[in-house]
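J.: If you scroll down you'll find the structure; I have some questions about it.
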4 protein chains.
Amino acid sequence: MTRNRLREAAMKLFGEKGYDGTALSEIAKEVGVKTPAIYAFYENKEDLFMTVFREAMQLYNTFIQELLKDQRSFGAKESLHRVLTRQYEFYQQNPEASLIVLRYVIFPPTFLKETIEEAFLQSDELLTNIIEQLIKQGIEEGVIREQPVQLLVDAFLNLMDGLSMQYFYYTSREVYERKLNHAFEMYWNGATTR
Amino acid sequence: MTRNRLREAAMKLFGEKGYDGTALSEIAKEVGVKTPAIYAFYENKEDLFMTVFREAMQLYNTFIQELLKDQRSFGAKESLHRVLTRQYEFYQQNPEASLIVLRYVIFPPTFLKETIEEAFLQSDELLTNIIEQLIKQGIEEGVIREQPVQLLVDAFLNLMDGLSMQYFYYTSREVYERKLNHAFEMYWNGATTR
Amino acid sequence: MTRNRLREAAMKLFGEKGYDGTALSEIAKEVGVKTPAIYAFYENKEDLFMTVFREAMQLYNTFIQELLKDQRSFGAKESLHRVLTRQYEFYQQNPEASLIVLRYVIFPPTFLKETIEEAFLQSDELLTNIIEQLIKQGIEEGVIREQPVQLLVDAFLNLMDGLSMQYFYYTSREVYERKLNHAFEMYWNGATTR
Amino acid sequence: MTRNRLREAAMKLFGEKGYDGTALSEIAKEVGVKTPAIYAFYENKEDLFMTVFREAMQLYNTFIQELLKDQRSFGAKESLHRVLTRQYEFYQQNPEASLIVLRYVIFPPTFLKETIEEAFLQSDELLTNIIEQLIKQGIEEGVIREQPVQLLVDAFLNLMDGLSMQYFYYTSREVYERKLNHAFEMYWNGATTR
DNA sequence: GATGAATGAGATTTCATTCAT
DNA sequence: GATGAATGAAATCTCATTCAT
């Protein structure tokens, strides 16, 4: 139990204050335990961090893999829009994991720059594939205008990245939802046949 | 001189390794000076950081203000596209300042969360105004289809944010330029009259 | 144990060399421990000092309170003389605590001027009351000549203060005892009926 | 000029905050000059302190020597009382020097314990002599009762020491003057023929 | 599993002092 | 005389980590 509570506290604090900005003692205190207790479960700070990061990354990966299941059930437009809302839901339901992923993908601590880049490229690739399929589906369906797939994919991924950043610095829910819908609407305007 | 070289070294290191991850001794060593020399020029670590952050923020603000000058000289489409390429140039020409702004706007050290948020909201507002004007101009010119301005603005800002994030984790120049152009093309498809 | 030994070493060194003149490393070394060990028991230097000062002050207060118990058992003359000898004994048996009280009552470190003044005024008041009672007792007994009580109290307290100072700069035992007895004899000459 | 202003600032600060508690930079700032300027006039911190201490000690010595001049002009009672009031005046007119003398006679910094003890014993001896003469004069005059001179001297010096201490921890003027007069009155009661 | 005690390494900061200008 | 720049030494304090219990 303590093991998990430590991991959760670490996830929260590493996300909020960063790896160097978080002392093991803070994590221990959050759990109501003394610092050395951490070493009963984790080899050292790095190990705890890696555990946390892996878990966050895995949650994120799972989320992306689940995007696959939805696919064929809806039309392309709804599917793409759902990708955005589900990303949004994921952020809301896993705020700490999301923060970790975002933070350390952009700003990895020196000692695991490479590990993180690899881990992330994988899920980035998977996501790219999913989007690509949805778009192809849309083209097949005739709702998306015939045009280079990469153009549509790049733009959509860009849209997702923009929304990710905005999620973490605009706190207001309404503002964010408006931005999400506006961004998608414009995208769809550009993508759709008319 | 030393004062400036310290500031530059600090900008580089705070950007790369974060506030807590950067020791004053590293900054001093980079400049070829002993740690206490820093205190001849800056009150303490926080002061040095704030100086660095303010400078970076000011460079960024200046960049945004200069976007204004371009405005009427081109058509709306070119103007908007130029906003993106100039942002790109700014990142290339001021890689350290950009990194600082991006990093600390999203992940401020606890002790200056508020200061940073304020500072950033200002330039965000200015940027929003500029984009809004360009879009209105485009509507007047008849090249942008009549539709709610906020829709167009939100989507464009989202696009810029997406590109900002991508700039810092896709190192390849070609990939980035492709993404920039694709994102803009899709945007313009959605915005333009046809 | 270490906690107490640190407190004792601190009491000794703070008394001898002053707050600013004593490095935590000296205190640690005296106890045979490394400096950071101090932080396992005391929050910081100030905390250690305050602990030490409070303890010294409390020893002193206890000493004063115990003066009360003696009271009625002897005649006024012997009682007053005993006050002096017991103060003397207290200094001898608690040389470090005495030094701390004396030193920091007169020369408090800036950061606790007020705390110390308050703490001291309390015991000063108690002492005043005790002396006052002894003197009234003496007047009742008829051994002290009828005269304003405050006159007798002020003079006696002054005498005690004088002896306190002298205790710390005349090291010789004989000299001190002579001075004590002379001072008291003269006092009594002035106080007594004849 | 700067030399003197530095000495004055040092006297004030060394008196208030102690040798270790006073940074050269504070002294310099008080004078409106940068720290290294001090080294144009004084070899180092110790030198500055010793200059200050010597000056204070010399003022004190001068004061004691001037007590001699008064001597035969008044009766013994008035002379002795004048010793106290002049000591009081000295404290009032030279608060900083007095504080220095008092502080470092009781609590010398380790590096000049011996120097200070010597310096002080001299003036202590001189003072003792003066008091002794006044008392002998009083006995000759017949106003002081025949009794061992040392008894009277010890008691009087004790009285002076008590008043010195009290001067520095009772701030109120009225209280101090009352205490002075009361202490002397009692002393005189014990000393005088009746 | 958990903790108290302790430490080594190192971080920030202060300060007396030097030196070239 | 005075200062700006710099430093060595050292002080306070933090923190990850170890180890015996």
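Letters A, B, ... go to the chains of the structure tokens in the order shown; residues in each chain start at 1; ligands are counted from 1 in the same order.
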Any idea which chain F residues end up within 10 Å of chain C if we count only C-alpha atoms (C1' of nucleotides), as a list in words please?

T.: DA10, DA11, DT12, DC13 and DT14 of chain F

J.: Once you have the residues from the selection above, write them out as a CSV table (one decimal), in the first residue's frame, restricted to N, CA, C and O atoms (P, O5', C5', C4', C3', O3' and C1' of nucleotides).

T.:
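Below you can see out28.csv, which holds the result:
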```csv
chain,number,residue,atom,x,y,z
F,10,DA,P,39.0,28.0,6.5
F,10,DA,O5',37.5,28.3,6.9
F,10,DA,C5',37.2,29.6,7.2
F,10,DA,C4',35.7,29.8,7.2
F,10,DA,C3',34.9,28.6,7.7
F,10,DA,O3',33.9,29.0,8.6
F,10,DA,C1',34.0,29.2,5.7
F,11,DA,P,33.4,28.1,9.8
F,11,DA,O5',32.0,28.7,10.0
F,11,DA,C5',31.7,30.1,9.7
F,11,DA,C4',30.2,30.2,9.2
F,11,DA,C3',29.4,29.0,9.7
F,11,DA,O3',28.2,29.5,10.4
F,11,DA,C1',29.2,29.2,7.4
F,12,DT,P,27.3,28.5,11.2
F,12,DT,O5',26.1,28.4,10.2
F,12,DT,C5',25.5,29.6,9.8
F,12,DT,C4',24.4,29.3,8.8
F,12,DT,C3',23.4,28.2,9.2
F,12,DT,O3',22.1,28.6,8.9
F,12,DT,C1',24.4,27.5,7.2
F,13,DC,P,20.9,27.8,9.4
F,13,DC,O5',20.6,26.8,8.3
F,13,DC,C5',20.4,27.4,6.9
F,13,DC,C4',20.4,26.3,5.9
F,13,DC,C3',19.5,25.1,6.3
F,13,DC,O3',18.4,25.1,5.4
F,13,DC,C1',21.6,24.4,5.3
F,14,DT,P,17.3,24.0,5.4
F,14,DT,O5',17.8,23.0,4.2
F,14,DT,C5',18.1,23.6,3.0
F,14,DT,C4',18.3,22.6,2.0
F,14,DT,C3',17.3,21.4,2.1
F,14,DT,O3',17.0,21.1,0.7
F,14,DT,C1',19.6,20.6,2.2
```

J.: Give me the residues near Ala183 of chain D as a list in words, where near means some atom within 8 Å (using only C-alpha atoms (C1' of nucleotides)) and where sequence neighbours in that chain fewer than 3 positions away do not count.

T.: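 In the requested form, the answer reads Leu151, Asp154, Ala155, Phe156 and Asn158 of chain C; Leu159, Lys179, Leu180, Met186 and Tyr187 of chain D.
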
J.: Hey, list the chain E side of the contact with chain C: 12 Å cut-off, only C-alpha atoms (C1' of nucleotides), answer as a PyMOL selection string.

T.: chain E and resi 4-9

J.: Of the residues A:Gln122, A:Thr115, A:Asn189, A:Ser164, which is the one nearest to Thr85 of chain A, using only C-alpha atoms?

T.: A:Ser164

J.: Which residues are near Thr62 of chain A? Cut-off 12 Å, only C-alpha atoms (C1' of nucleotides), ignore same chain within fewer than 4 positions. Put them as a ChimeraX atom specification.

T.: /A:54-58,66-69,87,90,123,126-127

J.: Separation of atom CA of Pro108 of chain C and atom CA of Glu26 of chain D, in Å?

T.: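 Between these atoms lies a distance of 18.6 Å.
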